[in-house]
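Text of run.tsv (TSV, C-alpha atoms) as supplied:
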```tsv
chain	number	residue	atom	x	y	z
A	1	MET	CA	15.76	-61.28	92.61
A	2	ALA	CA	17.81	-58.12	92.52
A	3	VAL	CA	21.35	-57.86	91.26
A	4	LYS	CA	24.01	-58.28	93.93
A	5	ARG	CA	24.81	-55.00	95.63
A	6	SER	CA	28.57	-55.58	95.37
A	7	VAL	CA	28.39	-55.90	91.58
A	8	THR	CA	26.49	-52.64	91.11
A	9	ILE	CA	28.85	-50.89	93.54
A	10	VAL	CA	31.77	-51.85	91.28
A	11	LEU	CA	29.98	-50.26	88.31
A	12	GLN	CA	29.08	-47.20	90.38
A	13	ALA	CA	32.76	-46.86	91.31
A	14	VAL	CA	33.64	-46.96	87.58
A	15	VAL	CA	31.11	-44.18	86.91
A	16	VAL	CA	32.57	-42.05	89.72
A	17	LEU	CA	36.13	-42.66	88.48
A	18	LEU	CA	35.08	-41.67	84.96
A	19	GLY	CA	33.50	-38.47	86.27
A	20	ILE	CA	36.56	-37.54	88.33
A	21	GLY	CA	38.89	-38.35	85.43
A	22	VAL	CA	36.96	-36.17	82.98
A	23	LEU	CA	36.67	-33.35	85.51
A	24	ILE	CA	40.42	-33.37	86.19
A	25	ALA	CA	41.17	-33.48	82.46
A	26	LEU	CA	38.83	-30.53	81.80
A	27	LEU	CA	40.36	-28.42	84.56
A	28	TRP	CA	43.94	-29.38	83.84
A	29	GLU	CA	43.96	-29.08	80.05
A	30	PRO	CA	44.25	-25.24	79.84
A	31	HIS	CA	47.49	-25.46	81.84
A	32	VAL	CA	49.11	-27.73	79.26
A	33	GLU	CA	48.52	-26.16	75.86
A	34	GLY	CA	46.67	-23.55	73.88
A	35	ARG	CA	46.40	-19.80	74.18
A	36	ASN	CA	45.99	-19.76	77.97
A	37	VAL	CA	49.25	-21.46	78.95
A	38	HIS	CA	50.90	-18.27	80.14
A	39	ALA	CA	47.82	-16.66	81.64
A	40	THR	CA	47.33	-16.16	85.35
A	41	LEU	CA	45.00	-18.58	87.09
A	42	PHE	CA	42.11	-16.09	87.09
A	43	GLU	CA	42.52	-15.13	83.42
A	44	MET	CA	42.77	-18.78	82.47
A	45	TYR	CA	39.42	-19.81	83.87
A	46	PHE	CA	37.34	-16.63	83.70
A	47	ASN	CA	38.56	-14.72	80.66
A	48	ASP	CA	38.02	-17.21	77.86
A	49	PRO	CA	34.50	-17.50	76.37
A	50	PHE	CA	35.31	-20.77	74.59
A	51	LEU	CA	36.50	-22.40	77.81
A	52	ALA	CA	33.37	-21.16	79.57
A	53	TYR	CA	31.30	-22.72	76.76
A	54	VAL	CA	33.14	-26.04	77.11
A	55	TYR	CA	32.54	-26.12	80.88
A	56	LEU	CA	28.89	-25.19	80.43
A	57	GLY	CA	28.40	-27.76	77.68
A	58	SER	CA	29.96	-30.51	79.76
A	59	LEU	CA	27.51	-29.93	82.65
A	60	LEU	CA	24.89	-32.20	81.09
A	61	PHE	CA	27.52	-34.93	80.70
A	62	PHE	CA	27.92	-34.92	84.48
A	63	VAL	CA	24.14	-34.89	84.97
A	64	GLY	CA	24.01	-38.00	82.75
A	65	LEU	CA	26.74	-39.67	84.80
A	66	TYR	CA	24.82	-38.87	88.00
A	67	LYS	CA	21.68	-40.46	86.51
A	68	ALA	CA	23.72	-43.52	85.47
A	69	PHE	CA	24.95	-43.75	89.08
A	70	LYS	CA	21.35	-43.60	90.34
A	71	MET	CA	20.23	-46.12	87.72
A	72	LEU	CA	22.86	-48.60	88.95
A	73	GLY	CA	21.58	-47.95	92.46
A	74	TYR	CA	18.08	-49.00	91.34
A	75	ALA	CA	19.54	-52.14	89.72
A	76	GLY	CA	20.87	-53.19	93.14
A	77	THR	CA	17.42	-53.03	94.75
A	78	GLN	CA	13.92	-54.24	93.97
A	79	ARG	CA	13.09	-50.91	92.32
A	80	VAL	CA	14.63	-51.74	88.93
A	81	PHE	CA	11.34	-52.19	87.13
A	82	SER	CA	9.98	-48.80	88.13
A	83	GLN	CA	9.01	-45.65	86.33
A	84	ALA	CA	11.84	-43.83	88.14
A	85	ALA	CA	14.41	-46.10	86.49
A	86	VAL	CA	12.83	-45.59	83.05
A	87	ASN	CA	12.88	-41.82	83.60
A	88	ALA	CA	16.55	-41.97	84.63
A	89	LEU	CA	17.37	-43.71	81.33
A	90	ARG	CA	15.37	-41.10	79.39
A	91	THR	CA	17.33	-38.35	81.12
A	92	ILE	CA	20.59	-40.12	80.20
A	93	ASN	CA	19.41	-40.22	76.58
A	94	TYR	CA	18.63	-36.50	76.65
A	95	CYS	CA	21.94	-35.60	78.32
A	96	ALA	CA	23.94	-37.67	75.84
A	97	LEU	CA	22.19	-36.02	72.88
A	98	MET	CA	22.76	-32.54	74.28
A	99	THR	CA	26.42	-33.35	74.97
A	100	ALA	CA	26.78	-34.49	71.36
A	101	CYS	CA	25.20	-31.23	70.15
A	102	ALA	CA	27.52	-29.17	72.37
A	103	ILE	CA	30.53	-31.04	70.97
A	104	VAL	CA	29.40	-30.52	67.36
A	105	VAL	CA	28.96	-26.77	67.94
A	106	ALA	CA	32.42	-26.58	69.54
A	107	ASP	CA	33.88	-28.48	66.56
A	108	VAL	CA	32.29	-26.11	64.05
A	109	TYR	CA	33.60	-23.11	66.01
A	110	LEU	CA	37.08	-24.65	66.13
A	111	MET	CA	37.09	-25.24	62.37
A	112	PHE	CA	36.16	-21.63	61.59
A	113	ALA	CA	38.49	-20.20	64.25
A	114	ALA	CA	41.38	-22.29	62.96
A	115	ARG	CA	40.70	-21.20	59.38
A	116	SER	CA	40.69	-17.51	60.24
A	117	SER	CA	43.88	-17.72	62.33
A	118	GLY	CA	45.66	-20.14	59.99
A	119	GLU	CA	46.21	-22.77	62.67
A	120	ASP	CA	45.63	-26.49	62.46
A	121	ALA	CA	42.72	-27.80	64.51
A	122	ALA	CA	42.53	-31.25	62.89
A	123	GLY	CA	43.45	-33.11	66.09
A	124	ALA	CA	40.94	-31.29	68.26
A	125	VAL	CA	38.20	-31.65	65.64
A	126	ALA	CA	38.89	-35.37	65.23
A	127	LEU	CA	38.72	-35.83	69.02
A	128	GLY	CA	35.39	-34.00	68.97
A	129	ILE	CA	34.02	-36.22	66.21
A	130	VAL	CA	34.95	-39.37	68.16
A	131	ALA	CA	33.49	-38.02	71.42
A	132	GLY	CA	30.31	-36.83	69.67
A	133	PHE	CA	29.86	-40.20	67.97
A	134	GLY	CA	30.34	-41.93	71.33
A	135	SER	CA	27.68	-39.71	72.90
A	136	ILE	CA	25.19	-40.51	70.15
A	137	VAL	CA	25.81	-44.25	70.59
A	138	VAL	CA	25.21	-43.89	74.34
A	139	ALA	CA	22.00	-41.95	73.60
A	140	ALA	CA	20.72	-44.69	71.27
A	141	ALA	CA	21.57	-47.42	73.80
A	142	ALA	CA	19.84	-45.47	76.59
A	143	THR	CA	16.66	-45.05	74.50
A	144	LEU	CA	16.64	-48.74	73.72
A	145	PHE	CA	17.15	-49.71	77.39
A	146	ALA	CA	14.39	-47.29	78.39
A	147	ARG	CA	11.93	-48.89	75.97
A	148	VAL	CA	12.80	-52.45	76.97
A	149	LEU	CA	12.62	-51.50	80.65
A	150	GLN	CA	9.27	-49.81	80.06
A	151	SER	CA	7.81	-53.09	78.81
A	152	ALA	CA	9.15	-54.87	81.89
A	153	VAL	CA	7.50	-52.22	84.09
A	154	ALA	CA	4.23	-52.80	82.22
A	155	ILE	CA	4.44	-56.55	82.81
A	156	GLN	CA	5.15	-56.06	86.50
A	157	SER	CA	2.32	-53.61	87.10
A	158	GLU	CA	-0.09	-55.92	85.28
A	159	ASN	CA	1.02	-58.79	87.51
A	160	GLU	CA	0.42	-56.70	90.61
A	161	LEU	CA	-3.06	-55.84	89.41
A	162	THR	CA	-4.04	-59.47	88.83
A	163	VAL	CA	-2.67	-60.67	92.18
B	1	MET	CA	7.50	-50.77	53.36
B	2	ASN	CA	6.60	-49.69	56.87
B	3	ILE	CA	8.13	-46.69	58.52
B	4	PRO	CA	10.38	-48.07	61.29
B	5	SER	CA	9.22	-47.37	64.84
B	6	PRO	CA	11.57	-45.37	67.10
B	7	ARG	CA	12.69	-48.60	68.73
B	8	GLN	CA	13.59	-50.15	65.39
B	9	ALA	CA	15.40	-46.98	64.42
B	10	SER	CA	17.62	-47.14	67.51
B	11	THR	CA	18.33	-50.87	67.10
B	12	LEU	CA	19.13	-50.30	63.43
B	13	PHE	CA	21.53	-47.50	64.36
B	14	LEU	CA	23.21	-49.64	67.01
B	15	LYS	CA	23.49	-52.55	64.57
B	16	LEU	CA	25.24	-50.28	62.07
B	17	VAL	CA	27.57	-49.09	64.84
B	18	LEU	CA	28.41	-52.71	65.71
B	19	ILE	CA	29.19	-53.47	62.05
B	20	LEU	CA	31.31	-50.31	61.79
B	21	ILE	CA	33.31	-51.12	64.95
B	22	GLY	CA	33.77	-54.79	64.03
B	23	GLY	CA	34.77	-53.99	60.47
B	24	SER	CA	37.26	-51.29	61.38
B	25	VAL	CA	38.90	-53.39	64.13
B	26	LEU	CA	39.17	-56.34	61.75
B	27	ALA	CA	40.64	-54.15	59.00
B	28	PHE	CA	43.08	-52.55	61.46
B	29	CYS	CA	44.32	-55.91	62.70
B	30	ALA	CA	44.52	-57.45	59.22
B	31	TYR	CA	46.50	-54.46	57.98
B	32	PHE	CA	48.90	-54.00	60.88
B	33	PHE	CA	49.47	-57.53	62.13
B	34	PRO	CA	51.89	-58.52	59.30
B	35	TYR	CA	53.88	-55.30	59.72
B	36	VAL	CA	54.19	-55.65	63.48
B	37	TRP	CA	54.94	-59.36	63.27
B	38	VAL	CA	57.79	-58.87	60.78
B	39	GLY	CA	59.12	-55.50	61.94
B	40	ALA	CA	58.96	-55.96	65.70
B	41	THR	CA	62.30	-57.77	66.01
B	42	LYS	CA	64.07	-54.98	64.16
B	43	GLU	CA	62.41	-52.17	66.10
B	44	TRP	CA	62.46	-53.63	69.58
B	45	PRO	CA	65.42	-55.58	70.95
B	46	ILE	CA	63.24	-57.85	73.07
B	47	SER	CA	63.65	-61.58	73.66
B	48	ALA	CA	61.59	-63.56	71.15
B	49	TYR	CA	60.19	-65.58	74.08
B	50	VAL	CA	58.52	-62.41	75.33
B	51	LEU	CA	57.76	-60.75	71.98
B	52	TYR	CA	55.90	-63.39	69.99
B	53	PRO	CA	53.69	-64.85	72.75
B	54	GLY	CA	52.82	-61.28	73.74
B	55	LEU	CA	51.91	-60.30	70.18
B	56	ILE	CA	49.83	-63.46	69.75
B	57	CYS	CA	47.94	-62.82	72.99
B	58	ILE	CA	47.22	-59.19	72.20
B	59	PHE	CA	46.11	-59.79	68.62
B	60	ALA	CA	44.14	-62.91	69.63
B	61	THR	CA	41.78	-60.73	71.69
B	62	ILE	CA	40.08	-59.86	68.42
B	63	ILE	CA	38.47	-63.33	68.40
B	64	PRO	CA	36.45	-62.97	71.64
B	65	PHE	CA	35.88	-59.31	70.74
B	66	LEU	CA	34.22	-60.10	67.40
B	67	PHE	CA	32.30	-62.97	68.97
B	68	ALA	CA	30.95	-60.61	71.65
B	69	LEU	CA	29.94	-58.11	68.94
B	70	LEU	CA	28.05	-60.91	67.19
B	71	GLN	CA	26.19	-61.69	70.43
B	72	ALA	CA	25.33	-58.01	70.86
B	73	PHE	CA	23.99	-58.00	67.30
B	74	ARG	CA	21.82	-61.02	68.12
B	75	LEU	CA	20.58	-59.30	71.26
B	76	LEU	CA	19.43	-56.33	69.16
B	77	GLN	CA	17.61	-58.73	66.84
B	78	TYR	CA	15.79	-60.30	69.82
B	79	ILE	CA	14.76	-56.83	70.97
B	80	ASP	CA	13.47	-56.09	67.46
B	81	ARG	CA	11.30	-59.20	67.54
B	82	ASN	CA	9.98	-58.41	71.03
B	83	HIS	CA	11.91	-61.33	72.50
B	84	ALA	CA	14.06	-59.18	74.79
B	85	PHE	CA	13.08	-61.21	77.85
B	86	SER	CA	13.92	-64.73	76.70
B	87	GLU	CA	16.39	-67.55	77.29
B	88	PRO	CA	18.34	-66.76	74.09
B	89	SER	CA	19.02	-63.19	75.21
B	90	ILE	CA	20.18	-64.44	78.62
B	91	LEU	CA	22.52	-66.81	76.79
B	92	ALA	CA	23.80	-63.96	74.56
B	93	LEU	CA	24.51	-61.79	77.61
B	94	ARG	CA	26.27	-64.65	79.37
B	95	THR	CA	28.43	-65.23	76.27
B	96	ILE	CA	29.31	-61.53	76.21
B	97	THR	CA	30.43	-61.80	79.85
B	98	PHE	CA	32.64	-64.81	79.03
B	99	CYS	CA	34.09	-63.08	75.96
B	100	ALA	CA	34.94	-59.95	77.93
B	101	VAL	CA	36.64	-61.98	80.66
B	102	ALA	CA	38.56	-63.90	77.98
B	103	MET	CA	39.72	-60.60	76.46
B	104	SER	CA	40.95	-59.38	79.82
B	105	VAL	CA	42.79	-62.67	80.48
B	106	LEU	CA	44.46	-62.53	77.05
B	107	TYR	CA	45.54	-58.93	77.60
B	108	TRP	CA	47.00	-59.77	81.00
B	109	MET	CA	48.85	-62.69	79.40
B	110	GLY	CA	50.34	-60.21	76.95
B	111	MET	CA	51.41	-57.85	79.73
B	112	PRO	CA	55.04	-59.12	79.88
B	113	LEU	CA	55.49	-57.58	76.42
B	114	VAL	CA	54.09	-54.28	77.68
B	115	PHE	CA	56.49	-54.45	80.65
B	116	ALA	CA	59.41	-55.04	78.27
B	117	LEU	CA	58.35	-52.18	75.97
B	118	ALA	CA	57.85	-49.77	78.88
B	119	ASP	CA	61.29	-50.74	80.16
B	120	LEU	CA	62.77	-50.18	76.72
B	121	ASP	CA	61.31	-46.67	76.43
B	122	ASP	CA	61.98	-45.98	80.10
B	123	ALA	CA	58.30	-45.08	80.43
B	124	PRO	CA	56.80	-46.81	83.47
B	125	GLY	CA	53.47	-45.07	82.76
B	126	GLY	CA	53.05	-47.41	79.80
B	127	VAL	CA	52.45	-50.29	82.19
B	128	LEU	CA	49.64	-48.36	83.88
B	129	ILE	CA	47.97	-47.60	80.53
B	130	GLY	CA	48.36	-51.26	79.52
B	131	ALA	CA	46.79	-52.37	82.79
B	132	ALA	CA	43.88	-49.97	82.25
B	133	PHE	CA	43.29	-51.41	78.76
B	134	ALA	CA	43.55	-54.94	80.14
B	135	SER	CA	40.97	-54.21	82.85
B	136	ALA	CA	38.46	-52.28	80.73
B	137	PRO	CA	36.79	-55.48	79.40
B	138	LEU	CA	36.06	-56.43	83.03
B	139	VAL	CA	33.76	-53.40	83.29
B	140	VAL	CA	31.89	-54.64	80.21
B	141	ALA	CA	31.74	-58.13	81.75
B	142	THR	CA	30.24	-56.74	84.97
B	143	PHE	CA	27.70	-54.67	83.05
B	144	ALA	CA	26.66	-57.66	80.93
B	145	ALA	CA	26.30	-59.74	84.10
B	146	VAL	CA	24.00	-57.10	85.61
B	147	LEU	CA	21.89	-57.00	82.43
B	148	GLN	CA	21.69	-60.79	82.43
B	149	LYS	CA	20.33	-60.76	85.98
B	150	LEU	CA	17.76	-58.10	85.07
B	151	VAL	CA	16.60	-59.95	81.95
B	152	ARG	CA	16.30	-63.09	84.06
B	153	SER	CA	14.02	-61.43	86.59
B	154	ALA	CA	11.96	-59.78	83.85
B	155	LEU	CA	11.57	-63.20	82.22
B	156	ALA	CA	10.37	-64.60	85.55
B	157	LEU	CA	7.76	-61.82	85.73
B	158	LYS	CA	6.64	-62.56	82.19
B	159	ILE	CA	6.25	-66.28	82.85
B	160	GLU	CA	4.23	-65.46	85.95
B	161	GLN	CA	1.97	-63.28	83.83
B	162	ASP	CA	1.50	-65.98	81.22
B	163	PHE	CA	0.39	-68.37	83.95
B	164	THR	CA	-2.16	-66.01	85.46
B	165	ILE	CA	-3.78	-65.39	82.10
```
Can you present the structure in this file as structure tokens?
Amino acid sequence: MAVKRSVTIVLQAVVVLLGIGVLIALLWEPHVEGRNVHATLFEMYFNDPFLAYVYLGSLLFFVGLYKAFKMLGYAGTQRVFSQAAVNALRTINYCALMTACAIVVADVYLMFAARSSGEDAAGAVALGIVAGFGSIVVAAAATLFARVLQSAVAIQSENELTV
Amino acid sequence: MNIPSPRQASTLFLKLVLILIGGSVLAFCAYFFPYVWVGATKEWPISAYVLYPGLICIFATIIPFLFALLQAFRLLQYIDRNHAFSEPSILALRTITFCAVAMSVLYWMGMPLVFALADLDDAPGGVLIGAAFASAPLVVATFAAVLQKLVRSALALKIEQDFTI
């Protein structure tokens, strides 16, 4: 009694769209504002430690999205109640927590950098707080799903042993 | 008092998040609705036949939204009591699906107002953003439907187990 494949494909498409959207936003943002607007393309992407940190820190976000994509793939087959699915959820939890940490560190850096240069970073910091909070909520939901799923896996394996 | 298990800690956190989201959305609507309702005719020269039904539709989405939050809260309570795989949680998930679809329908019914506003500001992108907002609840509806199916099959497994023992 697996979930219909078409339904999970819709959700997988949403995950892919989200990933592409975030990737485009990350790559496009330095062109729009900030200290790199007038830099050449090479300087823009390879000469700014903070930007490098942001790209590095967002890697785990994409790993989490990939795991969510795989998880939805499991939901469309008979393999939902499997250890692999539980592990995928645990990885999502870990990725979300690490993304939140990366965002908090970036926020702290922004606050100190803004103070020393006398600029206003309130908007960027507020955006970071919202995104970090969102990541923590996702992490908590993923842990909860993992635990609930784990009990379903236990029930299923017990059933297979008795039969 | 017992120290909460990790599972209870995460449900407690998620419950607090639900209360925070529900409370802030309710406060936002209660605070801004009177201003928008009274000031809209002065700010936007839009036909009242488009303006007021649109405003009602868009602000009315708070009703299915809060109801869906309540169902999510109940779901967390079932998980706390080890009743995650039960008929009540299937019902809660189904209600969340209905609420999300209702939100999307209400938003789409309010879209003429968004069209009029985008036309007024000469910003056709506004329609696209409005459509994205109006479709976002459908993602939630699909997700809740998937969870409902999974809980149903887990419940079937559990019943099977109860019979064998």
Problem - Contact residues around A:Ala142 with all atoms listed in the file at 6 Å, ignoring same-chain residues under 3 positions, as a PyMOL selection string - result: chain A and resi 89+93+139+145
Practice task
Figure out the distance between atom CA of A:Val22 and atom CA of A:Leu59, please, to one decimal in Å.
Solution key: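 Taking atom CA of A:Leu59 as the start and atom CA of A:Val22 as the end point, the length is 11.3 Å.
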Practice task
Determine which residues of chain B sit within 7 Å of chain A, taking into account only C-alpha atoms, and present them as a count of residues only.
Solution key: 11
Practice task
Please measure the separation of atom CA of A:Met98 and atom CA of A:Val63, giving the value in Å to one decimal.
Solution key: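 One can read the atom CA of A:Met98 to atom CA of A:Val63 distance as 11.0 Å.
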Exercise for the section: Have a look at atom CA of B:Ala72 and atom CA of B:Leu12 and let me know their distance in Å, one decimal. Expected result: 12.4 Å
Exercise for the section: Skip A:Tyr109 itself and residues of its chain fewer than 6 positions away, then list as a PyMOL selection string all residues within 10 Å of it, counting only C-alpha atoms. Expected result: chain A and resi 50+103+115+125
Handout entry: Spatial neighbours of B:Ala84, max dist 9 Å, all atoms listed in the file, sep filter under 4 positions, as a PyMOL selection string
Key = (chain A and resi 148) or (chain B and resi 75-80+88-90+151+155)
Practice task
Would you mind telling me which residue in B:Leu120, B:Ala132, B:Val101, B:Leu93 lies nearest to B:Phe73 when using all atoms listed in the file?
Solution key: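 So, comparing all the options, the nearest one is B:Leu93.
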Handout entry: Residue nearest A:Ile9 - candidates B:Phe85, B:Phe143, B:Phe67, B:Phe33, atoms counted: all atoms listed in the file
Key =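 Nearest to A:Ile9: B:Phe143.
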Exercise for the section: Show which residues sit within 9 Å of A:Met111, as a PyMOL selection string. Count all atoms listed in the file, and ignore same-chain residues fewer than 5 positions away. Expected result: chain A and resi 106+116+120-122+125
Handout entry: Exercise: stretch 48-64 of chain B partners within 9 Å, all atoms listed in the file, chain neighbours under 3 positions left out, as a PyMOL selection string
Key = chain B and resi 25-26+29+33+36-37+40-41+44-45+67-69+96+98-100+102-104+106-114+116
